[in-house]
Amino acid sequence: WIYLAGMLCMVILTFLSGQVDVLAGKTDLEGQREVQGTEAAKEADEEADGEADEEASGVLPPLENLSLYATSAVLMDADSGRVLYEKNGFTQMAMASTTKIMTCIVALENCSPDSEAVVSAYAASMPKVKLYVKQGEKYSIRDLLFSLMLESHNDSAVVIAEHIGRELLSEELRKKSPSEYTVEESKQAVAAFAGMMNQKAEDIGCHDTWFITPNGLDATQTFYPESGGEIVKEHS
């Protein structure tokens with residue numbers, strides 16, 4: 001019995017010794033994993049800090065192999081106004097119907113949405129896309145702005161421009177109904193409105209932008225400075 005008891009004790013001690021070794025090994029493995037995890041987290045933090053430093057300094061990683069179908073493009077941080085990416089960002093381009101955004105802004109800042117505008121023959125002659133307004137018809141500025149911004153109607157843009165721009169014309173033309181305007185008189189009212197658009201563009205920092213039409217149709221404008229010669233500007 002003594003012999004068997006001794007053998008049993010040996011087996012128990014051996015078993016317990018093995019268990020201790022396993023536990024020790026498991027503890028070492030977990031420790032290694034914890035160290036590795038800590039190092040990985042540290043590297044991730046350092047990388048994030050580096051990216052934050054780059055962003056704070058205004059330096060971004062190069063945008064390699066970026067292929068865009070668009071002729072020009074810009075990616076801007078809406079909160080800070082910082083340009084993150086641009087393609088042909090300093091090349092003047094035709095504004096097309098994005099012009100109508102400025103038309104809307106100037107209209108809202110200078111006219112009551114409830115005021116009533118009268119359609120001229122010139123406005124009614126605008127090409128598609130259009131509301132098909134007719135000479136002598138009356139529309140609220142609110143309805144014309146919906147037509148302008150939701151459907152991009154070219155004739156609505158001109159009705160708005162004449163209604164507001166005519167206030168800058170002579171007293172004779174201000175008293176005259178737009179429905180009675182000649183084409184030249186309508187163009188004077190539109191030019192006055194375009195001047196308001198250009199002033200707004202200057203005020204908000206769009207120094208390389210030039211408006212001629214309220215709907216974005218292509219146009220050129222010629223100036224003759226006192227120094228001689230001529231300057232031709234495009235709607236861009």
# chains A, B, ... in the order shown; residues from 1 in each chain; ligands from 1

call {"tool": "closest_atom_pairs", "arguments": {"of": "range 178-232 of chain A", "to": "range 141-161 of chain A", "cutoff": "10 Å", "atoms": "only C-alpha atoms", "output": "JSON lines"}}
result
{"residue": "A:Pro178", "atom": "CA", "partner": "A:Val159", "partner_atom": "CA", "distance": 8.9}
{"residue": "A:Ser186", "atom": "CA", "partner": "A:Val158", "partner_atom": "CA", "distance": 8.9}
{"residue": "A:Lys187", "atom": "CA", "partner": "A:Val158", "partner_atom": "CA", "distance": 9.4}
{"residue": "A:Ala189", "atom": "CA", "partner": "A:Ala161", "partner_atom": "CA", "distance": 7.0}
{"residue": "A:Val190", "atom": "CA", "partner": "A:Ala161", "partner_atom": "CA", "distance": 5.4}
{"residue": "A:Ala191", "atom": "CA", "partner": "A:Ala161", "partner_atom": "CA", "distance": 8.6}
{"residue": "A:Ala192", "atom": "CA", "partner": "A:Ala161", "partner_atom": "CA", "distance": 8.3}
{"residue": "A:Phe193", "atom": "CA", "partner": "A:Ala161", "partner_atom": "CA", "distance": 5.5}
{"residue": "A:Ala194", "atom": "CA", "partner": "A:Ala161", "partner_atom": "CA", "distance": 7.9}
{"residue": "A:Met196", "atom": "CA", "partner": "A:Ala161", "partner_atom": "CA", "distance": 9.8}
{"residue": "A:Met197", "atom": "CA", "partner": "A:Ala161", "partner_atom": "CA", "distance": 9.9}
{"residue": "A:Thr213", "atom": "CA", "partner": "A:Val158", "partner_atom": "CA", "distance": 8.2}
{"residue": "A:Pro214", "atom": "CA", "partner": "A:Ala157", "partner_atom": "CA", "distance": 5.7}
{"residue": "A:Asn215", "atom": "CA", "partner": "A:Asn154", "partner_atom": "CA", "distance": 5.3}
{"residue": "A:Gly216", "atom": "CA", "partner": "A:Asn154", "partner_atom": "CA", "distance": 8.2}
{"residue": "A:Leu217", "atom": "CA", "partner": "A:Asn154", "partner_atom": "CA", "distance": 8.3}

call {"tool": "select_by_dssp", "arguments": {"residues": "range 95-229 of chain A", "states": "helix (DSSP H, G or I)", "output": "JSON, numbers by chain"}}
result
{"A": [96, 97, 98, 99, 100, 101, 102, 103, 104, 105, 106, 107, 108, 109, 110, 121, 122, 123, 124, 141, 142, 143, 144, 145, 146, 147, 148, 149, 150, 151, 154, 155, 156, 157, 158, 159, 160, 161, 162, 163, 164, 165, 166, 167, 168, 171, 172, 173, 174, 175, 178, 179, 180, 183, 184, 185, 186, 187, 188, 189, 190, 191, 192, 193, 194, 195, 196, 197, 198, 199, 200, 201, 202, 203]}

call {"tool": "closest_residue", "arguments": {"among": "A:Lys175, A:Thr209, A:His235, A:Val119", "to": "Gln221 in chain A", "atoms": "only C-alpha atoms"}}
result
A:His235

call {"tool": "residues_around", "arguments": {"residues": "Ile204 in chain A", "least_positions_apart": "6", "cutoff": "12 Å", "atoms": "only C-alpha atoms", "output": "list in words"}}
result
Met102, Ile105, Met197 and Asn198 of chain A

call {"tool": "write_last_selection", "arguments": {"atoms": "N, CA, C and O atoms", "output": "PDB file, in the first residue's frame"}}
result
ATOM      1  N   MET A 102     -26.910  81.559 -59.218  1.00  0.00           N
ATOM      2  CA  MET A 102     -26.663  82.965 -58.895  1.00  0.00           C
ATOM      3  C   MET A 102     -27.893  83.812 -59.187  1.00  0.00           C
ATOM      4  O   MET A 102     -28.202  84.752 -58.440  1.00  0.00           O
ATOM      5  N   ILE A 105     -30.095  83.447 -56.213  1.00  0.00           N
ATOM      6  CA  ILE A 105     -29.571  84.156 -55.044  1.00  0.00           C
ATOM      7  C   ILE A 105     -29.848  85.652 -55.135  1.00  0.00           C
ATOM      8  O   ILE A 105     -30.350  86.280 -54.191  1.00  0.00           O
ATOM      9  N   MET A 197     -25.366  90.389 -60.555  1.00  0.00           N
ATOM     10  CA  MET A 197     -24.799  89.046 -60.398  1.00  0.00           C
ATOM     11  C   MET A 197     -23.282  89.123 -60.256  1.00  0.00           C
ATOM     12  O   MET A 197     -22.685  88.442 -59.410  1.00  0.00           O
ATOM     13  N   ASN A 198     -22.654  89.950 -61.067  1.00  0.00           N
ATOM     14  CA  ASN A 198     -21.197  90.081 -61.014  1.00  0.00           C
ATOM     15  C   ASN A 198     -20.743  90.720 -59.701  1.00  0.00           C
ATOM     16  O   ASN A 198     -19.695  90.354 -59.155  1.00  0.00           O
TER      17      ASN A 198
END

call {"tool": "residues_around", "arguments": {"residues": "Leu66 in chain A", "least_positions_apart": "4", "cutoff": "12 Å", "atoms": "only C-alpha atoms", "output": "PyMOL selection string"}}
result
chain A and resi 62+70+73+85-87

call {"tool": "residues_around", "arguments": {"residues": "Glu137 in chain A", "least_positions_apart": "6", "cutoff": "12 Å", "atoms": "only C-alpha atoms", "output": "JSON list (two decimals) with all heavy atoms, in the first residue's frame"}}
result
[["chain", "number", "residue", "atom", "x", "y", "z"],
["A", 116, "GLU", "N", -44.97, 90.39, -58.52],
["A", 116, "GLU", "CA", -45.47, 89.87, -59.79],
["A", 116, "GLU", "C", -44.64, 90.40, -60.95],
["A", 116, "GLU", "O", -44.40, 91.61, -61.06],
["A", 116, "GLU", "CB", -46.93, 90.27, -59.96],
["A", 116, "GLU", "CG", -47.68, 89.49, -61.02],
["A", 116, "GLU", "CD", -49.17, 89.79, -60.99],
["A", 116, "GLU", "OE1", -49.54, 90.97, -61.23],
["A", 116, "GLU", "OE2", -49.96, 88.87, -60.70],
["A", 117, "ALA", "N", -44.19, 89.51, -61.82],
["A", 117, "ALA", "CA", -43.37, 89.87, -62.97],
["A", 117, "ALA", "C", -44.18, 89.70, -64.25],
["A", 117, "ALA", "O", -44.96, 88.76, -64.39],
["A", 117, "ALA", "CB", -42.12, 89.01, -63.02],
["A", 118, "VAL", "N", -43.94, 90.63, -65.19],
["A", 118, "VAL", "CA", -44.64, 90.61, -66.48],
["A", 118, "VAL", "C", -43.68, 90.12, -67.56],
["A", 118, "VAL", "O", -42.50, 90.49, -67.59],
["A", 118, "VAL", "CB", -45.17, 92.02, -66.84],
["A", 118, "VAL", "CG1", -45.92, 91.98, -68.17],
["A", 118, "VAL", "CG2", -46.07, 92.54, -65.73],
["A", 119, "VAL", "N", -44.15, 89.28, -68.43],
["A", 119, "VAL", "CA", -43.32, 88.65, -69.47],
["A", 119, "VAL", "C", -43.16, 89.58, -70.67],
["A", 119, "VAL", "O", -44.14, 90.14, -71.18],
["A", 119, "VAL", "CB", -43.94, 87.32, -69.92],
["A", 119, "VAL", "CG1", -43.10, 86.68, -71.03],
["A", 119, "VAL", "CG2", -44.08, 86.37, -68.74],
["A", 120, "SER", "N", -41.93, 89.72, -71.13],
["A", 120, "SER", "CA", -41.65, 90.50, -72.33],
["A", 120, "SER", "C", -41.57, 89.58, -73.53],
["A", 120, "SER", "O", -41.47, 88.35, -73.40],
["A", 120, "SER", "CB", -40.32, 91.24, -72.18],
["A", 120, "SER", "OG", -39.24, 90.30, -72.20],
["A", 121, "ALA", "N", -41.58, 90.17, -74.72],
["A", 121, "ALA", "CA", -41.43, 89.37, -75.94],
["A", 121, "ALA", "C", -40.06, 88.71, -75.99],
["A", 121, "ALA", "O", -39.92, 87.57, -76.44],
["A", 121, "ALA", "CB", -41.64, 90.27, -77.17],
["A", 123, "ALA", "N", -38.19, 87.72, -73.39],
["A", 123, "ALA", "CA", -38.16, 86.58, -72.47],
["A", 123, "ALA", "C", -38.88, 85.38, -73.07],
["A", 123, "ALA", "O", -38.42, 84.23, -72.96],
["A", 123, "ALA", "CB", -38.79, 86.96, -71.14],
["A", 124, "ALA", "N", -40.00, 85.65, -73.75],
["A", 124, "ALA", "CA", -40.78, 84.56, -74.35],
["A", 124, "ALA", "C", -40.05, 83.90, -75.51],
["A", 124, "ALA", "O", -40.39, 82.78, -75.90],
["A", 124, "ALA", "CB", -42.13, 85.09, -74.82],
["A", 131, "LEU", "N", -40.36, 77.29, -69.92],
["A", 131, "LEU", "CA", -41.69, 77.19, -69.36],
["A", 131, "LEU", "C", -42.75, 77.50, -70.41],
["A", 131, "LEU", "O", -43.91, 77.18, -70.23],
["A", 131, "LEU", "CB", -41.82, 78.16, -68.17],
["A", 131, "LEU", "CG", -43.14, 78.20, -67.41],
["A", 131, "LEU", "CD1", -43.43, 76.84, -66.77],
["A", 131, "LEU", "CD2", -43.10, 79.29, -66.34],
["A", 156, "SER", "N", -37.87, 81.63, -67.84],
["A", 156, "SER", "CA", -38.15, 82.10, -66.48],
["A", 156, "SER", "C", -37.00, 82.94, -65.94],
["A", 156, "SER", "O", -37.22, 83.94, -65.23],
["A", 156, "SER", "CB", -38.41, 80.91, -65.55],
["A", 156, "SER", "OG", -39.55, 80.18, -65.95],
["A", 159, "VAL", "N", -37.32, 86.46, -67.37],
["A", 159, "VAL", "CA", -38.43, 87.20, -66.76],
["A", 159, "VAL", "C", -38.00, 87.75, -65.40],
["A", 159, "VAL", "O", -38.26, 88.91, -65.08],
["A", 159, "VAL", "CB", -39.68, 86.29, -66.60],
["A", 159, "VAL", "CG1", -40.80, 87.06, -65.90],
["A", 159, "VAL", "CG2", -40.15, 85.80, -67.96],
["A", 177, "SER", "N", -44.24, 98.93, -69.01],
["A", 177, "SER", "CA", -44.40, 97.50, -68.73],
["A", 177, "SER", "C", -43.42, 96.68, -69.58],
["A", 177, "SER", "O", -43.23, 96.98, -70.77],
["A", 177, "SER", "CB", -45.83, 97.06, -69.05],
["A", 177, "SER", "OG", -45.93, 95.66, -68.96],
["A", 178, "PRO", "N", -42.80, 95.67, -69.00],
["A", 178, "PRO", "CA", -41.91, 94.82, -69.78],
["A", 178, "PRO", "C", -42.59, 94.20, -71.00],
["A", 178, "PRO", "O", -41.92, 93.88, -71.99],
["A", 178, "PRO", "CB", -41.48, 93.74, -68.78],
["A", 178, "PRO", "CG", -41.57, 94.42, -67.46],
["A", 178, "PRO", "CD", -42.77, 95.32, -67.56],
["A", 179, "SER", "N", -43.89, 94.03, -70.94],
["A", 179, "SER", "CA", -44.61, 93.48, -72.09],
["A", 179, "SER", "C", -44.53, 94.40, -73.30],
["A", 179, "SER", "O", -44.77, 93.98, -74.43],
["A", 179, "SER", "CB", -46.07, 93.20, -71.73],
["A", 179, "SER", "OG", -46.74, 94.41, -71.41],
["A", 180, "GLU", "N", -44.19, 95.68, -73.05],
["A", 180, "GLU", "CA", -44.08, 96.67, -74.12],
["A", 180, "GLU", "C", -42.63, 96.94, -74.52],
["A", 180, "GLU", "O", -42.37, 97.74, -75.41],
["A", 180, "GLU", "CB", -44.75, 97.98, -73.69],
["A", 180, "GLU", "CG", -46.22, 97.83, -73.34],
["A", 180, "GLU", "CD", -46.79, 99.11, -72.74],
["A", 180, "GLU", "OE1", -46.01, 100.05, -72.47],
["A", 180, "GLU", "OE2", -48.01, 99.16, -72.53]]

call {"tool": "atom_distance", "arguments": {"atom1": "CA of Val83 in chain A", "atom2": "CA of Ala96 in chain A"}}
result
22.4 Å

call {"tool": "atom_distance", "arguments": {"atom1": "CA of Ile164 in chain A", "atom2": "CA of Val106 in chain A"}}
result
9.1 Å
